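Below is the file my_file.txt, which contains compact mmCIF, C-alpha atoms.
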```txt
# COMPACT_ATOMS: atom_id res chain seq x y z
CA MET A 1 -31.91 -35.13 36.69
CA VAL A 2 -28.82 -35.86 34.66
CA PRO A 3 -25.28 -35.74 36.03
CA GLN A 4 -23.26 -33.15 34.18
CA PRO A 5 -19.64 -34.06 33.52
CA ALA A 6 -17.24 -31.20 32.92
CA GLY A 7 -16.85 -30.21 29.30
CA GLN A 8 -20.29 -31.32 28.32
CA SER A 9 -22.08 -28.17 29.38
CA ARG A 10 -22.71 -27.07 25.80
CA LEU A 11 -24.21 -30.38 24.79
CA MET A 12 -26.18 -30.45 27.99
CA THR A 13 -27.44 -26.93 27.37
CA GLU A 14 -28.74 -28.03 24.01
CA VAL A 15 -30.55 -30.97 25.49
CA THR A 16 -31.94 -28.93 28.37
CA LYS A 17 -33.00 -26.20 25.99
CA ALA A 18 -34.84 -28.74 23.91
CA MET A 19 -36.71 -29.86 26.97
CA GLU A 20 -37.42 -26.38 28.33
CA TYR A 21 -38.94 -25.05 25.16
CA SER A 22 -40.75 -28.34 24.70
CA LEU A 23 -40.02 -28.30 21.00
CA PRO A 24 -40.27 -31.68 19.36
CA LEU A 25 -37.30 -33.34 20.98
CA ALA A 26 -36.42 -35.35 17.93
CA ASP A 27 -36.14 -32.15 15.85
CA GLU A 28 -33.88 -30.53 18.39
CA LEU A 29 -31.79 -33.65 18.66
CA ALA A 30 -31.54 -33.78 14.88
CA ALA A 31 -30.26 -30.20 14.85
CA LEU A 32 -27.76 -30.98 17.57
CA THR A 33 -26.68 -34.10 15.74
CA GLY A 34 -26.22 -32.13 12.56
CA ARG A 35 -24.02 -29.66 14.35
CA MET A 36 -21.86 -32.41 15.74
CA ALA A 37 -21.73 -34.21 12.43
CA GLY A 38 -20.36 -31.05 10.85
CA GLY A 39 -17.83 -30.41 13.55
CA PHE A 40 -15.45 -32.63 15.37
CA LEU A 41 -17.16 -35.75 16.42
CA THR A 42 -14.36 -37.80 17.84
CA LYS A 43 -14.97 -41.21 19.31
CA GLU A 44 -14.86 -39.63 22.77
CA SER A 45 -17.37 -36.90 22.10
CA ALA A 46 -19.61 -39.36 20.28
CA SER A 47 -19.70 -41.67 23.27
CA LYS A 48 -20.52 -38.73 25.55
CA ALA A 49 -23.27 -37.71 23.16
CA VAL A 50 -24.65 -41.24 23.21
CA GLN A 51 -24.54 -41.14 26.98
CA PHE A 52 -26.82 -38.11 26.91
CA LEU A 53 -28.93 -39.73 24.26
CA ALA A 54 -29.53 -42.58 26.68
CA TYR A 55 -30.87 -40.14 29.29
CA VAL A 56 -33.02 -38.42 26.69
CA LEU A 57 -34.35 -41.80 25.63
CA LYS A 58 -35.16 -42.77 29.19
CA ASP A 59 -37.08 -39.51 29.66
CA ALA A 60 -38.77 -39.70 26.27
CA VAL A 61 -40.24 -43.17 26.63
CA PRO A 62 -42.79 -43.30 29.48
CA GLY A 63 -42.27 -46.23 31.81
CA ALA A 64 -38.55 -46.62 31.05
CA THR A 65 -36.35 -47.10 34.08
CA GLY A 66 -33.14 -47.51 32.10
CA ALA A 67 -31.87 -46.89 28.58
CA GLY A 68 -28.78 -47.39 26.48
CA ALA A 69 -27.27 -48.00 23.08
CA SER A 70 -25.30 -50.91 21.69
CA ILE A 71 -22.79 -50.71 18.87
CA ILE A 72 -22.86 -53.92 16.93
CA ASN A 73 -21.24 -55.03 13.71
CA ALA A 74 -21.00 -58.21 11.73
CA ARG A 75 -17.31 -58.60 12.52
CA GLY A 76 -18.21 -59.28 16.13
CA ARG A 77 -17.93 -55.86 17.69
CA ARG A 78 -20.51 -55.63 20.45
CA GLU A 79 -20.34 -52.93 23.05
CA SER A 80 -22.52 -50.61 25.05
CA ALA A 81 -22.04 -47.02 23.95
CA GLY A 82 -24.16 -45.32 26.57
CA ALA A 83 -26.22 -46.45 29.53
CA THR A 84 -28.23 -44.76 32.24
CA ASP A 85 -27.56 -47.31 34.96
CA PRO A 86 -25.60 -50.50 35.79
CA VAL A 87 -28.61 -52.73 35.10
CA VAL A 88 -28.47 -51.74 31.44
CA LEU A 89 -24.77 -52.57 31.26
CA GLN A 90 -25.21 -55.91 33.01
CA ALA A 91 -28.12 -56.95 30.80
CA ASP A 92 -26.18 -55.84 27.70
CA LYS A 93 -23.08 -57.71 28.75
CA LEU A 94 -25.12 -60.88 29.12
CA GLN A 95 -26.49 -60.42 25.61
CA TYR A 96 -22.99 -60.09 24.17
CA GLU A 97 -21.67 -63.05 26.14
CA LEU A 98 -24.58 -65.36 25.34
CA GLY A 99 -24.84 -64.14 21.75
CA GLN A 100 -28.56 -63.66 22.08
CA GLY A 101 -31.02 -61.05 23.27
CA PRO A 102 -33.48 -58.41 22.08
CA CYS A 103 -30.84 -55.85 21.00
CA LEU A 104 -28.89 -58.35 18.92
CA SER A 105 -32.15 -59.48 17.29
CA ALA A 106 -33.36 -55.91 16.71
CA TRP A 107 -30.03 -55.25 15.01
CA ALA A 108 -30.07 -58.48 12.98
CA GLU A 109 -33.73 -58.28 11.98
CA GLN A 110 -33.78 -54.50 11.57
CA ARG A 111 -37.01 -53.99 13.43
CA ALA A 112 -38.17 -52.91 16.85
CA LEU A 113 -38.76 -55.74 19.33
CA ILE A 114 -40.70 -55.68 22.59
CA ILE A 115 -40.47 -58.07 25.51
CA GLN A 116 -43.65 -57.71 27.53
CA ASP A 117 -42.36 -59.81 30.40
CA THR A 118 -38.93 -61.41 30.65
CA ARG A 119 -40.46 -64.21 32.75
CA ASP A 120 -42.87 -65.24 29.97
CA GLU A 121 -40.54 -64.55 27.06
CA THR A 122 -39.48 -67.58 25.02
CA ARG A 123 -37.43 -66.07 22.16
CA TRP A 124 -34.12 -65.66 24.02
CA PRO A 125 -34.24 -68.40 26.67
CA GLU A 126 -30.62 -68.22 27.82
CA TRP A 127 -30.67 -64.45 28.15
CA THR A 128 -34.03 -64.26 29.90
CA ALA A 129 -32.85 -66.94 32.31
CA ALA A 130 -29.66 -64.97 32.96
CA VAL A 131 -31.46 -61.72 33.76
CA THR A 132 -33.99 -63.10 36.23
CA ASP A 133 -32.08 -61.58 39.16
CA LEU A 134 -31.99 -58.12 37.58
CA PRO A 135 -34.78 -55.55 38.09
CA LEU A 136 -35.75 -55.99 34.48
CA ARG A 137 -39.17 -57.18 33.30
CA SER A 138 -39.89 -55.44 30.00
CA VAL A 139 -37.63 -54.36 27.15
CA LEU A 140 -37.98 -52.37 23.97
CA SER A 141 -35.13 -52.38 21.46
CA ALA A 142 -34.97 -50.66 18.07
CA PRO A 143 -32.25 -50.84 15.39
CA LEU A 144 -29.86 -47.99 14.67
CA THR A 145 -29.44 -47.75 10.93
CA THR A 146 -28.14 -45.00 8.71
CA GLU A 147 -27.90 -45.10 4.92
CA GLY A 148 -28.48 -48.82 4.98
CA ARG A 149 -25.66 -49.49 7.43
CA ARG A 150 -26.54 -51.35 10.58
CA ILE A 151 -24.84 -49.57 13.43
CA GLY A 152 -26.41 -51.13 16.48
CA ALA A 153 -29.51 -50.85 18.62
CA LEU A 154 -31.15 -48.61 21.19
CA LYS A 155 -32.99 -50.06 24.13
CA VAL A 156 -35.13 -49.09 27.09
CA TYR A 157 -35.73 -51.34 30.07
CA SER A 158 -38.37 -51.32 32.77
CA ALA A 159 -38.60 -53.07 36.13
CA THR A 160 -42.33 -53.64 35.58
CA PRO A 161 -43.85 -55.94 32.96
CA GLY A 162 -45.82 -54.58 30.02
CA ALA A 163 -44.25 -51.13 30.15
CA PHE A 164 -43.91 -50.61 26.40
CA ASP A 165 -46.31 -50.50 23.47
CA ASP A 166 -46.48 -49.29 19.87
CA HIS A 167 -46.37 -45.70 20.99
CA SER A 168 -43.08 -46.37 22.82
CA VAL A 169 -41.76 -47.81 19.58
CA PHE A 170 -42.79 -44.65 17.76
CA LEU A 171 -41.07 -42.44 20.36
CA MET A 172 -37.91 -44.49 20.23
CA GLU A 173 -37.73 -44.54 16.47
CA ARG A 174 -37.94 -40.76 16.39
CA LEU A 175 -34.70 -40.70 18.38
CA SER A 176 -32.99 -43.57 16.63
CA VAL A 177 -32.69 -41.76 13.30
CA PRO A 178 -30.57 -38.81 14.49
CA ALA A 179 -28.70 -41.11 16.86
CA ALA A 180 -27.73 -43.37 13.95
CA VAL A 181 -26.51 -40.41 11.91
CA MET A 182 -24.42 -39.28 14.84
CA LEU A 183 -22.89 -42.68 15.48
CA GLY A 184 -22.41 -43.46 11.81
CA ASN A 185 -20.50 -40.25 11.44
CA ALA A 186 -18.28 -41.05 14.39
CA ARG A 187 -17.56 -44.50 13.00
CA ASP A 188 -16.60 -43.14 9.59
CA ARG A 189 -14.07 -40.83 11.09
CA GLU A 190 -12.80 -43.45 13.46
CA ALA A 191 -12.43 -45.87 10.57
CA ASN A 192 -10.17 -43.81 8.38
CA GLY A 193 -8.49 -41.93 11.21
CA ARG A 194 -7.97 -39.05 8.85
CA LEU A 195 -9.70 -36.41 10.87
CA SER A 196 -7.47 -36.74 13.88
CA SER A 197 -4.20 -36.56 11.95
CA ARG A 198 -5.43 -33.67 9.81
CA LEU A 199 -6.74 -31.90 12.86
CA VAL A 200 -3.40 -32.27 14.57
CA GLU A 201 -1.75 -30.79 11.49
CA ALA A 202 -4.21 -27.89 11.47
CA LEU A 203 -3.61 -27.31 15.16
CA ALA A 204 0.15 -27.34 14.64
CA ASN A 205 -0.14 -24.78 11.85
CA ARG A 206 -2.50 -22.69 13.91
CA ASP A 207 0.07 -22.63 16.68
CA LEU A 208 2.85 -21.76 14.22
CA ILE A 209 0.84 -18.89 12.80
CA SER A 210 -0.14 -17.45 16.15
CA ARG A 211 3.45 -17.63 17.38
CA ALA A 212 4.58 -15.73 14.28
CA GLN A 213 1.77 -13.30 14.91
CA GLY A 214 3.17 -12.74 18.39
CA VAL A 215 6.64 -12.06 16.99
CA LEU A 216 5.26 -9.44 14.60
CA ILE A 217 3.19 -7.82 17.35
CA GLU A 218 6.32 -7.38 19.40
CA ARG A 219 8.71 -6.50 16.62
CA MET A 220 6.48 -4.05 14.74
CA SER A 221 4.16 -2.89 17.54
CA LEU A 222 1.10 -4.16 15.73
CA THR A 223 -2.26 -5.36 16.95
CA SER A 224 -2.92 -9.06 16.47
CA ALA A 225 -5.28 -8.32 13.56
CA GLU A 226 -2.66 -6.15 11.87
CA ALA A 227 0.00 -8.81 12.36
CA LEU A 228 -2.21 -11.37 10.66
CA THR A 229 -2.90 -8.94 7.81
CA VAL A 230 0.85 -8.50 7.31
CA MET A 231 1.32 -12.27 7.08
CA LEU A 232 -1.65 -12.64 4.78
CA SER A 233 -0.29 -9.95 2.42
CA THR A 234 3.13 -11.58 2.42
CA SER A 235 1.56 -14.93 1.63
CA ARG A 236 -0.42 -13.42 -1.25
CA LEU A 237 2.48 -11.37 -2.58
CA GLN A 238 5.05 -14.16 -2.46
CA ASP A 239 2.56 -16.86 -3.41
CA GLU A 240 3.62 -18.87 -0.39
CA PRO A 241 1.31 -20.79 2.00
CA LEU A 242 0.54 -18.87 5.18
CA HIS A 243 2.09 -21.44 7.48
CA GLN A 244 5.36 -21.20 5.54
CA VAL A 245 5.32 -17.43 5.89
CA ALA A 246 4.84 -17.96 9.62
CA ARG A 247 7.68 -20.46 9.72
CA GLY A 248 9.90 -17.94 7.92
CA ILE A 249 9.10 -15.27 10.51
CA LEU A 250 9.89 -17.65 13.37
CA ALA A 251 13.11 -18.83 11.68
CA GLY A 252 14.11 -15.17 11.34
CA THR A 253 13.88 -14.67 15.09
CA ALA A 254 15.85 -17.83 15.75
CA GLU A 255 18.77 -16.50 13.69
CA GLN A 256 18.89 -13.19 15.49
CA MET B 1 -23.23 -0.69 -0.60
CA ASP B 2 -23.36 -1.02 3.20
CA ALA B 3 -21.29 -3.35 5.33
CA PHE B 4 -23.90 -6.08 5.32
CA ASP B 5 -24.21 -6.11 1.53
CA GLU B 6 -20.45 -6.17 1.23
CA SER B 7 -20.24 -9.16 3.54
CA THR B 8 -22.98 -10.96 1.60
CA VAL B 9 -21.45 -10.29 -1.80
CA HIS B 10 -18.07 -11.46 -0.52
CA ALA B 11 -19.69 -14.60 0.86
CA ARG B 12 -21.30 -15.42 -2.45
CA ALA B 13 -18.03 -14.94 -4.33
CA ILE B 14 -16.18 -17.20 -1.88
CA ARG B 15 -18.89 -19.84 -2.12
CA GLU B 16 -18.82 -19.73 -5.91
CA ALA B 17 -15.05 -20.17 -5.93
CA MET B 18 -15.43 -23.21 -3.67
CA GLU B 19 -18.18 -24.70 -5.81
CA GLU B 20 -16.29 -24.13 -9.05
CA SER B 21 -13.30 -26.09 -7.77
CA GLY B 22 -15.35 -28.62 -5.81
CA ILE B 23 -13.77 -27.75 -2.46
CA PRO B 24 -15.83 -29.02 0.48
CA LEU B 25 -16.70 -26.84 3.45
CA GLY B 26 -14.95 -29.16 5.91
CA GLU B 27 -11.62 -28.67 4.14
CA VAL B 28 -12.06 -24.92 3.99
CA TRP B 29 -12.94 -24.67 7.63
CA LEU B 30 -10.01 -26.83 8.72
CA ARG B 31 -7.60 -24.62 6.77
CA TYR B 32 -9.28 -21.45 8.03
CA PHE B 33 -9.03 -22.83 11.56
CA SER B 34 -5.31 -23.43 11.06
CA PHE B 35 -5.06 -19.73 10.11
CA THR B 36 -6.25 -18.89 13.65
CA GLY B 37 -9.80 -18.36 12.37
CA ALA B 38 -12.20 -17.86 15.24
CA ALA B 39 -15.52 -18.98 13.74
CA GLY B 40 -16.78 -22.56 13.91
CA GLU B 41 -17.70 -24.65 10.90
CA TYR B 42 -21.38 -23.92 11.40
CA GLU B 43 -20.78 -20.20 11.55
CA ILE B 44 -18.76 -20.40 8.33
CA ASP B 45 -21.53 -22.38 6.68
CA ALA B 46 -24.06 -19.79 7.86
CA TYR B 47 -21.87 -16.98 6.58
CA LEU B 48 -21.42 -18.58 3.17
CA ASN B 49 -25.16 -18.97 2.90
CA GLY B 50 -25.91 -15.38 3.79
CA SER B 51 -27.35 -15.85 7.25
CA LEU B 52 -24.44 -14.58 9.33
CA GLU B 53 -21.99 -11.69 9.06
CA LEU B 54 -18.25 -12.05 9.44
CA SER B 55 -15.70 -9.30 10.05
CA GLU B 56 -13.44 -8.31 7.17
CA ASP B 57 -10.47 -9.98 8.83
CA GLU B 58 -12.28 -13.29 9.22
CA ARG B 59 -13.56 -13.07 5.65
CA ASP B 60 -10.05 -12.59 4.33
CA LEU B 61 -8.78 -15.57 6.29
CA LEU B 62 -11.59 -17.61 4.81
CA ALA B 63 -10.85 -16.40 1.28
CA HIS B 64 -7.18 -17.18 1.79
CA ALA B 65 -8.02 -20.68 2.99
CA VAL B 66 -10.09 -21.28 -0.16
CA ASN B 67 -7.33 -19.88 -2.38
CA GLU B 68 -4.62 -22.03 -0.84
CA LEU B 69 -6.78 -25.11 -1.35
CA ILE B 70 -7.39 -24.10 -4.97
CA ASP B 71 -3.65 -23.61 -5.51
CA GLU B 72 -3.05 -27.11 -4.19
CA LEU B 73 -5.37 -28.76 -6.68
CA PRO B 74 -3.64 -30.75 -9.40
CA PRO B 75 -3.21 -28.61 -12.51
CA ARG B 76 -5.70 -29.19 -15.28
CA ARG B 77 -4.71 -31.64 -17.98
CA LYS B 78 -3.41 -29.98 -21.13
CA ALA B 79 -3.97 -31.05 -24.74
CA PRO B 80 -1.06 -32.96 -26.27
CA TYR B 81 0.72 -31.96 -29.52
CA SER B 82 1.57 -34.32 -32.35
CA ASP B 83 5.37 -34.23 -31.93
CA SER B 84 7.44 -36.70 -29.95
CA GLU B 85 7.16 -34.72 -26.69
CA THR B 86 3.53 -35.70 -26.27
CA ASN B 87 4.02 -39.33 -25.41
CA ARG B 88 6.43 -38.53 -22.65
CA CYS B 89 4.07 -35.88 -21.28
CA GLU B 90 1.24 -38.32 -21.31
CA GLU B 91 3.20 -40.89 -19.40
CA ARG B 92 4.30 -38.38 -16.83
CA ASP B 93 0.72 -37.25 -16.31
CA ARG B 94 -0.43 -40.78 -15.84
CA SER B 95 2.21 -41.52 -13.24
CA GLN B 96 1.09 -38.49 -11.25
CA GLU B 97 -2.54 -39.46 -11.21
CA GLY B 98 -3.96 -40.71 -7.96
CA SER B 99 -1.14 -39.47 -5.80
CA ALA B 100 -1.18 -35.77 -6.49
CA PRO B 101 -3.78 -34.46 -4.01
CA GLU B 102 -2.43 -36.33 -0.97
CA ASP B 103 1.16 -35.47 -1.78
CA ARG B 104 0.30 -31.85 -1.62
CA MET B 105 -1.47 -31.84 1.69
```

What's the structure tokens form of this structure?
Amino acid sequence: MVPQPAGQSRLMTEVTKAMEYSLPLADELAALTGRMAGGFLTKESASKAVQFLAYVLKDAVPGATGAGASIINARGRRESAGATDPVVLQADKLQYELGQGPCLSAWAEQRALIIQDTRDETRWPEWTAAVTDLPLRSVLSAPLTTEGRRIGALKVYSATPGAFDDHSVFLMERLSVPAAVMLGNARDREANGRLSSRLVEALANRDLISRAQGVLIERMSLTSAEALTVMLSTSRLQDEPLHQVARGILAGTAEQ
Amino acid sequence: MDAFDESTVHARAIREAMEESGIPLGEVWLRYFSFTGAAGEYEIDAYLNGSLELSEDERDLLAHAVNELIDELPPRRKAPYSDSETNRCEERDRSQEGSAPEDRM
């Protein structure tokens, strides 16, 4: 069904699990989103998550032959964050280039928009003219908004006209809420760049501490838990941060 | 008191210490992670809210993470006296405001 890139097995498991147990998909997705929002949602993992979201969306909306998400902001950023097939990317690219299309309007107007048939549609003449060669006849696009911030739009495409109705809108909106939270979170962290630098610092300290742990294990014939306890007691006793205690232990070995 | 109760009581005390000093979970987890802590942020959250048990070793790492973060908080403002020292103290305090937390990271 869905290709499974390496490293995404956990995320995939969550999505598959949601489908297997046929729990309300939106609830499961919300739980998954929450977990990612609490953990490390880097730009990379967010875009992978959106990629899976696109597949979920395609499966969740009957009649959809393609799905994707667009990240749009007022400063002119317009990009596809996840797509199930090249048609989605091509149609998106045309929207961005022409500056018109259902996703841009769904984002700007903050409401779901349906194109029943691209050949009869009159609202985005340049775009509908540009997509006539693509296997694309009907479109549904809904805005992605979290806490009042407009993040972008989700869309599903179909090769047959009249594929989407109000129920499709309902299904898509159930997914757009957790998706917006997920993407909004990724954008926050991307914006201030703090998480990555702090994470690097935490990783560096973690490495320092485990290296010191290794020194103590060897020097004092301790288990790894005991070695950590020794460092923790030293830190408490000397009122010194743990990573400094670790640095001291490592400096001690360097002198010897 | 059995092991589970102990773990729960410890969790509550850690959570209260965090709340009292306004230290967010994300900060605590990041520090705990840097201490070679093995549990994820969600597990820590679950532990602090009484729905998951942690080993004594992990609990102590967590407590230590919270305590380090508390130690790094800017000291509380003290009341000034009426002698000439006060004005200088006040000025010094003001110049430290706004930069203290980042400087200490």

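As for atom CA of B:Phe4 and atom CA of B:Glu27, they are spaced 25.7 Å apart.
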
Compute the set of chain B residues within 7 Å of chain A, using all atoms listed in the file, and express it as a ChimeraX atom specification.
/B:30-31,33-36,41-42,68

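Compared by their closest atoms to B:Tyr32, and using all atoms listed in the file, the residues B:Glu58, B:Glu20, B:Glu53, B:Asp45 rank with B:Glu58 nearest.
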
Within 10 Å of (-47.5, -43.9, 24.0) in the file's own coordinates, which protein, DNA or RNA residues have an atom, counting only C-alpha atoms? List them as a list of chain:residue names.
A:Ala60, A:Val61, A:Pro62, A:Gly63, A:Phe164, A:Asp165, A:Asp166, A:His167, A:Ser168, A:Val169, A:Phe170, A:Leu171

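Across the model, the gap from atom CA of A:Asn73 to atom CA of A:Ser158 is 25.9 Å.
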
Name the residues, using the chain letters and numbers of the file, that sit within 12 Å of (-9.3, -20.9, -5.0) when counting only C-alpha atoms, and give them as number ranges by chain.
B: 13-24, 28, 62-73

Generate the output file for the selected residues, C-alpha atoms, as a CSV table (one decimal), keeping the file's coordinate frame.
```
chain,number,residue,atom,x,y,z
B,13,ALA,CA,-18.0,-14.9,-4.3
B,14,ILE,CA,-16.2,-17.2,-1.9
B,15,ARG,CA,-18.9,-19.8,-2.1
B,16,GLU,CA,-18.8,-19.7,-5.9
B,17,ALA,CA,-15.0,-20.2,-5.9
B,18,MET,CA,-15.4,-23.2,-3.7
B,19,GLU,CA,-18.2,-24.7,-5.8
B,20,GLU,CA,-16.3,-24.1,-9.0
B,21,SER,CA,-13.3,-26.1,-7.8
B,22,GLY,CA,-15.4,-28.6,-5.8
B,23,ILE,CA,-13.8,-27.8,-2.5
B,24,PRO,CA,-15.8,-29.0,0.5
B,28,VAL,CA,-12.1,-24.9,4.0
B,62,LEU,CA,-11.6,-17.6,4.8
B,63,ALA,CA,-10.8,-16.4,1.3
B,64,HIS,CA,-7.2,-17.2,1.8
B,65,ALA,CA,-8.0,-20.7,3.0
B,66,VAL,CA,-10.1,-21.3,-0.2
B,67,ASN,CA,-7.3,-19.9,-2.4
B,68,GLU,CA,-4.6,-22.0,-0.8
B,69,LEU,CA,-6.8,-25.1,-1.4
B,70,ILE,CA,-7.4,-24.1,-5.0
B,71,ASP,CA,-3.6,-23.6,-5.5
B,72,GLU,CA,-3.0,-27.1,-4.2
B,73,LEU,CA,-5.4,-28.8,-6.7
```

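The space between atom CA of A:Asp133 and atom CA of A:Asp59 spans 24.5 Å.
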
Show which residues sit within 9 Å of A:Ala163, as a PyMOL selection string. Count all atoms listed in the file, and ignore same-chain residues fewer than 6 positions away.
chain A and resi 62-64+116-117+137-140+157

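Minimum distance to A:Asp120 across A:Val88, A:Arg219, A:Pro161, A:Pro102 (counting all atoms listed in the file) occurs at A:Pro161.
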
Missing atoms in stretch 22-35 of chain B: fill them in up to N, CA and C atoms and send the result as a compact mmCIF listing (two decimals), in the frame of the given file.
```txt
# COMPACT_ATOMS: atom_id res chain seq x y z
N GLY B 22 -14.91 -27.44 -6.55
CA GLY B 22 -15.35 -28.62 -5.81
C GLY B 22 -14.64 -28.78 -4.47
N ILE B 23 -14.44 -27.68 -3.77
CA ILE B 23 -13.77 -27.75 -2.46
C ILE B 23 -14.82 -27.81 -1.36
N PRO B 24 -14.80 -28.88 -0.56
CA PRO B 24 -15.83 -29.02 0.48
C PRO B 24 -15.62 -28.08 1.67
N LEU B 25 -16.72 -27.75 2.31
CA LEU B 25 -16.70 -26.84 3.45
C LEU B 25 -15.76 -27.31 4.56
N GLY B 26 -15.79 -28.62 4.83
CA GLY B 26 -14.95 -29.16 5.91
C GLY B 26 -13.47 -28.84 5.71
N GLU B 27 -13.02 -28.97 4.46
CA GLU B 27 -11.62 -28.67 4.14
C GLU B 27 -11.31 -27.19 4.36
N VAL B 28 -12.25 -26.37 3.89
CA VAL B 28 -12.06 -24.92 3.99
C VAL B 28 -11.99 -24.52 5.46
N TRP B 29 -12.91 -25.07 6.22
CA TRP B 29 -12.94 -24.67 7.63
C TRP B 29 -11.66 -25.11 8.34
N LEU B 30 -11.21 -26.32 8.05
CA LEU B 30 -10.01 -26.83 8.72
C LEU B 30 -8.81 -25.92 8.41
N ARG B 31 -8.71 -25.50 7.15
CA ARG B 31 -7.60 -24.62 6.77
C ARG B 31 -7.75 -23.25 7.44
N TYR B 32 -8.98 -22.74 7.39
CA TYR B 32 -9.28 -21.45 8.03
C TYR B 32 -8.98 -21.51 9.53
N PHE B 33 -9.31 -22.62 10.13
CA PHE B 33 -9.03 -22.83 11.56
C PHE B 33 -7.52 -22.81 11.81
N SER B 34 -6.77 -23.42 10.89
CA SER B 34 -5.31 -23.43 11.06
C SER B 34 -4.73 -22.03 10.89
N PHE B 35 -5.48 -21.14 10.26
CA PHE B 35 -5.06 -19.73 10.11
C PHE B 35 -5.47 -18.90 11.33
```
